[in-house]
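Text of start.txt (compact mmCIF, C-alpha atoms and all ligand atoms) as supplied:
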```txt
# COMPACT_ATOMS: atom_id res chain seq x y z
CA MET A 1 34.97 69.49 -0.93
CA LYS A 2 33.34 67.80 -3.88
CA PRO A 3 35.59 65.64 -6.07
CA VAL A 4 36.64 67.32 -9.31
CA ILE A 5 35.75 65.30 -12.41
CA GLY A 6 37.58 66.27 -15.58
CA ILE A 7 35.51 65.77 -18.75
CA THR A 8 37.04 65.67 -22.23
CA PRO A 9 35.08 67.63 -24.86
CA SER A 10 34.80 66.99 -28.60
CA TRP A 11 36.69 68.90 -31.26
CA GLU A 12 35.08 70.37 -34.37
CA LEU A 13 36.05 72.70 -37.17
CA VAL A 14 33.18 75.21 -37.54
CA SER A 15 33.54 77.87 -40.27
CA GLY A 16 37.32 77.47 -40.10
CA GLN A 17 37.34 77.86 -36.32
CA GLU A 18 38.42 75.10 -33.96
CA LYS A 19 35.79 74.51 -31.29
CA HIS A 20 35.33 72.28 -28.27
CA THR A 21 31.80 70.99 -27.82
CA LEU A 22 30.16 68.87 -25.14
CA ALA A 23 26.56 67.82 -24.63
CA CYS A 24 25.52 69.51 -21.38
CA LEU A 25 23.98 66.29 -20.04
CA TYR A 26 27.52 64.99 -19.32
CA TRP A 27 28.38 67.72 -16.83
CA LYS A 28 24.82 67.82 -15.51
CA ALA A 29 25.04 64.09 -14.71
CA VAL A 30 28.31 64.64 -12.83
CA GLU A 31 26.85 67.57 -10.93
CA MET A 32 23.69 65.58 -10.14
CA ALA A 33 25.91 62.73 -8.88
CA GLY A 34 27.64 65.09 -6.44
CA GLY A 35 30.83 65.89 -8.35
CA LEU A 36 32.31 69.15 -9.57
CA PRO A 37 32.69 68.87 -13.37
CA VAL A 38 35.42 70.74 -15.29
CA LEU A 39 36.23 70.59 -19.00
CA LEU A 40 39.68 69.47 -20.10
CA PRO A 41 41.18 71.11 -23.21
CA TYR A 42 43.78 69.25 -25.29
CA LEU A 43 46.84 70.73 -23.59
CA ASN A 44 50.37 69.64 -24.44
CA ASP A 45 51.50 66.39 -22.84
CA ALA A 46 53.42 68.01 -19.98
CA ASN A 47 50.43 70.15 -19.05
CA LEU A 48 48.07 67.16 -19.30
CA LEU A 49 50.19 65.54 -16.58
CA GLU A 50 49.80 68.63 -14.40
CA LEU A 51 46.08 68.62 -15.03
CA ILE A 52 45.73 64.98 -13.98
CA ALA A 53 47.40 65.81 -10.67
CA ARG A 54 44.63 68.33 -9.95
CA ILE A 55 41.51 66.31 -10.73
CA ASP A 56 40.05 63.36 -8.84
CA GLY A 57 38.29 61.48 -11.63
CA LEU A 58 38.23 61.34 -15.41
CA LEU A 59 35.20 61.18 -17.71
CA LEU A 60 35.89 60.46 -21.38
CA SER A 61 32.93 61.63 -23.46
CA GLY A 62 31.54 60.28 -26.71
CA GLY A 63 32.38 61.49 -30.19
CA GLY A 64 33.96 60.54 -33.49
CA ASP A 65 36.19 57.61 -34.41
CA LEU A 66 39.73 56.99 -33.27
CA GLU A 67 42.32 57.06 -36.04
CA PRO A 68 43.03 53.32 -36.67
CA GLY A 69 46.79 53.98 -36.47
CA THR A 70 46.28 54.35 -32.72
CA PHE A 71 45.69 50.58 -32.58
CA GLY A 72 48.10 49.58 -35.32
CA GLU A 73 45.72 49.41 -38.29
CA GLN A 74 45.04 51.34 -41.46
CA ALA A 75 41.55 52.45 -42.45
CA LEU A 76 39.76 49.51 -44.10
CA ALA A 77 38.17 51.88 -46.67
CA ASP A 78 38.36 55.57 -47.53
CA ASP A 79 34.88 56.36 -46.25
CA ILE A 80 34.74 54.07 -43.22
CA LEU A 81 35.73 56.59 -40.54
CA LYS A 82 33.63 59.39 -39.07
CA GLY A 83 34.80 62.50 -37.24
CA VAL A 84 38.47 61.61 -36.78
CA ALA A 85 40.33 64.21 -34.68
CA PRO A 86 44.00 63.26 -34.17
CA GLU A 87 44.62 65.92 -31.49
CA ARG A 88 41.73 64.53 -29.50
CA ASP A 89 43.15 61.01 -29.85
CA ARG A 90 46.53 62.22 -28.57
CA ALA A 91 45.11 64.14 -25.63
CA GLU A 92 42.68 61.45 -24.48
CA LEU A 93 45.08 58.53 -24.89
CA ASN A 94 47.71 60.43 -22.89
CA LEU A 95 45.18 61.42 -20.23
CA CYS A 96 44.25 57.74 -19.83
CA LYS A 97 47.86 56.67 -19.50
CA ALA A 98 48.66 59.44 -17.01
CA ALA A 99 45.54 58.64 -14.99
CA ALA A 100 46.48 54.95 -15.00
CA GLN A 101 49.77 55.77 -13.25
CA GLU A 102 47.80 56.66 -10.15
CA ARG A 103 44.81 54.38 -10.90
CA MET A 104 42.51 57.37 -10.99
CA PRO A 105 38.79 56.54 -11.21
CA MET A 106 37.76 56.69 -14.86
CA LEU A 107 34.50 56.37 -16.80
CA GLY A 108 34.49 56.13 -20.59
CA ILE A 109 31.30 56.63 -22.58
CA CYS A 110 30.93 55.28 -26.14
CA ARG A 111 34.06 56.64 -27.84
CA GLY A 112 35.43 57.02 -24.31
CA ALA A 113 35.19 53.26 -23.72
CA GLN A 114 37.00 52.74 -27.02
CA VAL A 115 39.70 55.25 -26.03
CA MET A 116 40.28 53.38 -22.77
CA ASN A 117 40.53 50.05 -24.60
CA VAL A 118 43.05 51.41 -27.12
CA ALA A 119 45.06 53.31 -24.47
CA PHE A 120 45.67 50.07 -22.59
CA GLY A 121 46.51 47.91 -25.61
CA GLY A 122 43.18 46.76 -27.09
CA THR A 123 41.79 47.12 -30.61
CA LEU A 124 38.51 48.20 -32.23
CA TYR A 125 36.21 47.11 -35.01
CA GLN A 126 36.39 50.01 -37.45
CA ASP A 127 32.82 49.37 -38.55
CA ILE A 128 30.37 46.82 -37.16
CA SER A 129 28.41 46.38 -40.41
CA VAL A 130 31.57 45.79 -42.48
CA GLN A 131 33.41 43.52 -40.04
CA ILE A 132 30.70 41.60 -38.19
CA LYS A 133 28.21 39.49 -40.12
CA ASP A 134 25.05 37.75 -39.09
CA SER A 135 25.71 34.14 -38.31
CA GLU A 136 23.51 31.12 -37.72
CA GLY A 137 21.38 31.80 -34.68
CA ARG A 138 22.39 35.42 -34.49
CA LYS A 139 21.04 38.43 -36.30
CA LEU A 140 22.73 41.72 -35.52
CA HIS A 141 20.35 44.50 -34.65
CA THR A 142 21.19 48.07 -35.44
CA HIS A 143 23.55 49.79 -33.01
CA ALA A 144 22.88 53.15 -34.66
CA GLN A 145 19.34 53.79 -33.50
CA LYS A 146 17.05 56.35 -35.11
CA GLU A 147 14.93 56.78 -31.97
CA PRO A 148 15.49 59.75 -29.60
CA ARG A 149 18.70 59.65 -27.60
CA TRP A 150 16.93 59.06 -24.27
CA GLN A 151 15.18 55.96 -25.60
CA ALA A 152 16.54 52.43 -25.11
CA SER A 153 16.95 50.28 -28.22
CA HIS A 154 18.61 47.09 -27.04
CA THR A 155 19.31 45.04 -23.94
CA VAL A 156 22.71 44.42 -22.35
CA ASN A 157 23.49 41.42 -20.19
CA ILE A 158 25.67 42.47 -17.28
CA ALA A 159 28.21 40.08 -15.76
CA PRO A 160 27.47 39.53 -12.06
CA GLU A 161 29.84 40.87 -9.41
CA THR A 162 31.30 43.54 -11.64
CA LEU A 163 31.57 47.32 -11.19
CA LEU A 164 28.87 47.65 -13.81
CA ALA A 165 26.53 45.27 -11.98
CA ALA A 166 27.05 47.33 -8.82
CA CYS A 167 26.18 50.52 -10.76
CA TYR A 168 22.96 49.13 -12.25
CA ARG A 169 22.01 46.62 -9.53
CA THR A 170 20.64 44.30 -12.17
CA GLU A 171 21.88 41.74 -14.70
CA LYS A 172 19.92 43.20 -17.62
CA ALA A 173 19.71 46.84 -18.61
CA GLU A 174 17.93 48.60 -21.44
CA VAL A 175 20.33 50.94 -23.23
CA ASN A 176 20.50 53.30 -26.17
CA SER A 177 22.96 52.72 -29.02
CA PHE A 178 24.77 55.23 -31.26
CA HIS A 179 27.92 53.48 -32.39
CA HIS A 180 29.26 51.96 -35.58
CA GLN A 181 32.55 50.97 -33.94
CA LEU A 182 33.15 48.55 -31.11
CA VAL A 183 35.75 47.01 -28.81
CA LYS A 184 37.39 44.07 -30.63
CA ASP A 185 40.35 42.68 -28.68
CA ILE A 186 39.89 43.69 -25.05
CA ALA A 187 42.90 45.43 -23.49
CA PRO A 188 45.11 43.21 -21.29
CA GLY A 189 43.92 43.37 -17.70
CA PHE A 190 40.39 44.38 -18.72
CA ILE A 191 37.28 42.19 -18.95
CA ALA A 192 33.97 42.49 -20.78
CA SER A 193 31.34 43.31 -18.17
CA ALA A 194 28.37 43.52 -20.55
CA TYR A 195 27.35 42.04 -23.88
CA SER A 196 24.45 43.10 -26.06
CA ASP A 197 21.85 40.41 -26.68
CA ASP A 198 23.39 39.92 -30.16
CA GLY A 199 26.75 39.15 -28.58
CA LEU A 200 28.79 42.35 -28.90
CA VAL A 201 31.02 43.75 -26.14
CA GLU A 202 29.10 46.67 -24.65
CA ALA A 203 31.17 47.41 -21.52
CA ILE A 204 34.71 46.86 -20.29
CA GLU A 205 36.29 47.28 -16.89
CA CYS A 206 39.55 46.62 -15.08
CA PRO A 207 39.18 44.38 -12.03
CA ASP A 208 42.63 45.42 -10.79
CA TRP A 209 41.72 49.09 -10.37
CA PRO A 210 39.26 50.73 -7.96
CA PHE A 211 37.05 52.08 -10.76
CA ALA A 212 37.85 51.95 -14.49
CA LEU A 213 34.71 51.35 -16.54
CA GLY A 214 33.80 51.95 -20.16
CA VAL A 215 30.26 51.63 -21.54
CA GLN A 216 29.32 51.62 -25.21
CA TRP A 217 25.95 53.29 -24.63
CA HIS A 218 25.14 56.86 -23.53
CA PRO A 219 23.81 56.85 -19.93
CA GLU A 220 24.06 60.66 -19.86
CA CYS A 221 21.14 60.81 -22.32
CA MET A 222 18.95 58.48 -20.25
CA TRP A 223 19.30 59.28 -16.53
CA GLU A 224 16.73 62.07 -16.50
CA ARG A 225 13.99 59.60 -17.51
CA MET A 226 15.52 56.36 -16.18
CA PRO A 227 17.37 57.16 -12.92
CA SER A 228 19.26 53.83 -12.90
CA HIS A 229 21.43 55.32 -15.65
CA LEU A 230 22.86 57.84 -13.18
CA GLY A 231 24.54 54.92 -11.39
CA THR A 232 27.78 54.99 -13.40
CA PHE A 233 28.22 58.71 -12.62
CA VAL A 234 27.43 58.19 -8.93
CA ALA A 235 30.07 55.44 -8.78
CA LEU A 236 32.65 57.60 -10.58
CA VAL A 237 32.07 60.45 -8.13
CA LYS A 238 32.11 58.13 -5.11
CA PHE A 239 35.43 56.57 -6.06
CA ALA A 240 36.85 59.98 -7.04
CA ALA A 241 35.95 61.30 -3.58
CA GLY A 242 38.14 58.63 -2.02
CA HIS A 243 40.91 58.71 -4.61
CA ARG A 244 43.29 61.24 -3.01
CA HIS A 245 42.68 59.81 0.46
CA GLN A 246 43.52 56.14 -0.11
MN MN B 301 24.96 49.01 -28.86
```
Would you mind writing the file's structure down as structure tokens?
Amino acid sequence: MKPVIGITPSWELVSGQEKHTLACLYWKAVEMAGGLPVLLPYLNDANLLELIARIDGLLLSGGGDLEPGTFGEQALADDILKGVAPERDRAELNLCKAAAQERMPMLGICRGAQVMNVAFGGTLYQDISVQIKDSEGRKLHTHAQKEPRWQASHTVNIAPETLLAACYRTEKAEVNSFHHQLVKDIAPGFIASAYSDDGLVEAIECPDWPFALGVQWHPECMWERMPSHLGTFVALVKFAAGHRHQ
């Protein structure tokens, strides 16, 4: 039986109707990697626990900003946040904590990496351009690219002997970038496993866990043209396959 990978969708209000949305490339990447993807609605907390018991791996998708109250801050300005969805925050943070109880394999993408960091006690930059300035010897490049989503726009330097290095089999990867927020204080027990070439944290992982990895870029948009970007999904599915049989 293929491992079941639960994927969290986005939440949007469309013409007064609540809708879940998910770019199809997320579930296609999981299917291509050999997993069986299912979408996870924002059930109540008790039912989220039941759901976790029936999946083998968790994929936290990208999307809007976390409400800063989730990491103990207030919004720095009225217009700084984009696409806040408190029910999504609740559901995903609780899914992470429930999954952590059994050290379930987990991959967070963009917002998903930020959700993982906050769930386990880290904080975020609410906005890179407001909170991080150019300094001597460093000029920030844009992390909100205008190029197509499959196109790389900056390099990340991957720490050797990490989960991420095993996924990419290289110490430098070309990645896309669609974020205005960023991991600030890394959650206790986690490490940074990649930095952008302008010095920002681009991936986190937990060495004390079979597979818990968050990446700030969107590999799901790139794997069709650059197969190395399927590696994170392949690893998630591989670890998920072994998860219930440890
Ligand atoms: Mn970036």
Can I get the residues close to ligand MN 301 (chain B) as JSON, numbers by chain, where close means within 7 Å and we count only C-alpha atoms and all ligand atoms? {"A": [143, 154, 176, 177, 178, 179, 196, 202, 216, 217]}
Could you write out that same residue set with C-alpha atoms as a CSV table (one decimal), keeping the file's coordinate frame?
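The new file result24.csv reads:
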```csv
chain,number,residue,atom,x,y,z
A,143,HIS,CA,23.6,49.8,-33.0
A,154,HIS,CA,18.6,47.1,-27.0
A,176,ASN,CA,20.5,53.3,-26.2
A,177,SER,CA,23.0,52.7,-29.0
A,178,PHE,CA,24.8,55.2,-31.3
A,179,HIS,CA,27.9,53.5,-32.4
A,196,SER,CA,24.4,43.1,-26.1
A,202,GLU,CA,29.1,46.7,-24.6
A,216,GLN,CA,29.3,51.6,-25.2
A,217,TRP,CA,26.0,53.3,-24.6
```
Put the listed atoms of region 186-198 of chain A in a box along x, y and z with 3 Å added on every side and give me the centre and edge lengths in Å to one decimal, as JSON.
```
{"center_x": 33.5, "center_y": 42.7, "center_z": -23.9, "size_x": 29.3, "size_y": 11.5, "size_z": 18.5}
```
Sorted by chain and rising residue number, which residues of region 51-85 of chain A lie within 8 Å of region 89-96 of chain A, and what are their closest atom pairs and distances in Å to one decimal, counting all atoms listed in the file, as JSON lines?
```
{"residue": "A:Ile52", "atom": "CA", "partner": "A:Leu95", "partner_atom": "CA", "distance": 7.2}
{"residue": "A:Leu60", "atom": "CA", "partner": "A:Glu92", "partner_atom": "CA", "distance": 7.5}
{"residue": "A:Leu66", "atom": "CA", "partner": "A:Asp89", "partner_atom": "CA", "distance": 6.3}
{"residue": "A:Glu67", "atom": "CA", "partner": "A:Asp89", "partner_atom": "CA", "distance": 7.4}
{"residue": "A:Thr70", "atom": "CA", "partner": "A:Asp89", "partner_atom": "CA", "distance": 7.9}
{"residue": "A:Ala85", "atom": "CA", "partner": "A:Asp89", "partner_atom": "CA", "distance": 6.4}
```
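Of the listed residues A:Lys97, A:Met222, A:Lys2, A:Ala33, the one whose atoms come nearest to Asp45 (chain A) is A:Lys97, with distances taken using all atoms listed in the file.
Distances from A:Lys19, A:Arg54, A:His229, A:His245 to Thr170 (chain A) were compared using only C-alpha atoms, and the smallest one belongs to A:His229.
For the residues A:Gly121, A:Lys28, A:Asp127, A:Arg103, ranking by smallest atom-to-atom distance to Ala77 (chain A) using only C-alpha atoms places A:Asp127 first.
CA of Thr232 (chain A) to CA of Ala152 (chain A) spans 16.4 Å [interatomic distance, one decimal].
Interatomic distance, CA of Met32 (chain A) to CA of Met116 (chain A): 24.2 Å.
Atom pair CA of Ala240 (chain A) / CA of Trp223 (chain A) has a distance of 20.0 Å (rounded to one decimal).
Among the candidates A:Val115, A:Ile7, A:Cys206, A:Cys167, the residue lying nearest to Leu230 (chain A) is A:Cys167 (atoms considered: only C-alpha atoms).
Of the residues listed (A:Leu40, A:Leu22, A:Val14, A:Met106), A:Met106 shows the shortest atom-to-atom separation from His243 (chain A); distances use only C-alpha atoms.
When only C-alpha atoms are used to measure the gap to Gly34 (chain A), the shortest distance among A:Leu140, A:Asp208, A:Val234, A:Val183 belongs to A:Val234.
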Which neighbours of Ala194 (chain A) fall inside 12 Å, counting only C-alpha atoms, when residues of the same chain fewer than 6 positions from it are skipped, and could you give them as a VMD selection string? chain A and resid 155 to 165 168 170 to 175 183 200 to 205 213 to 217
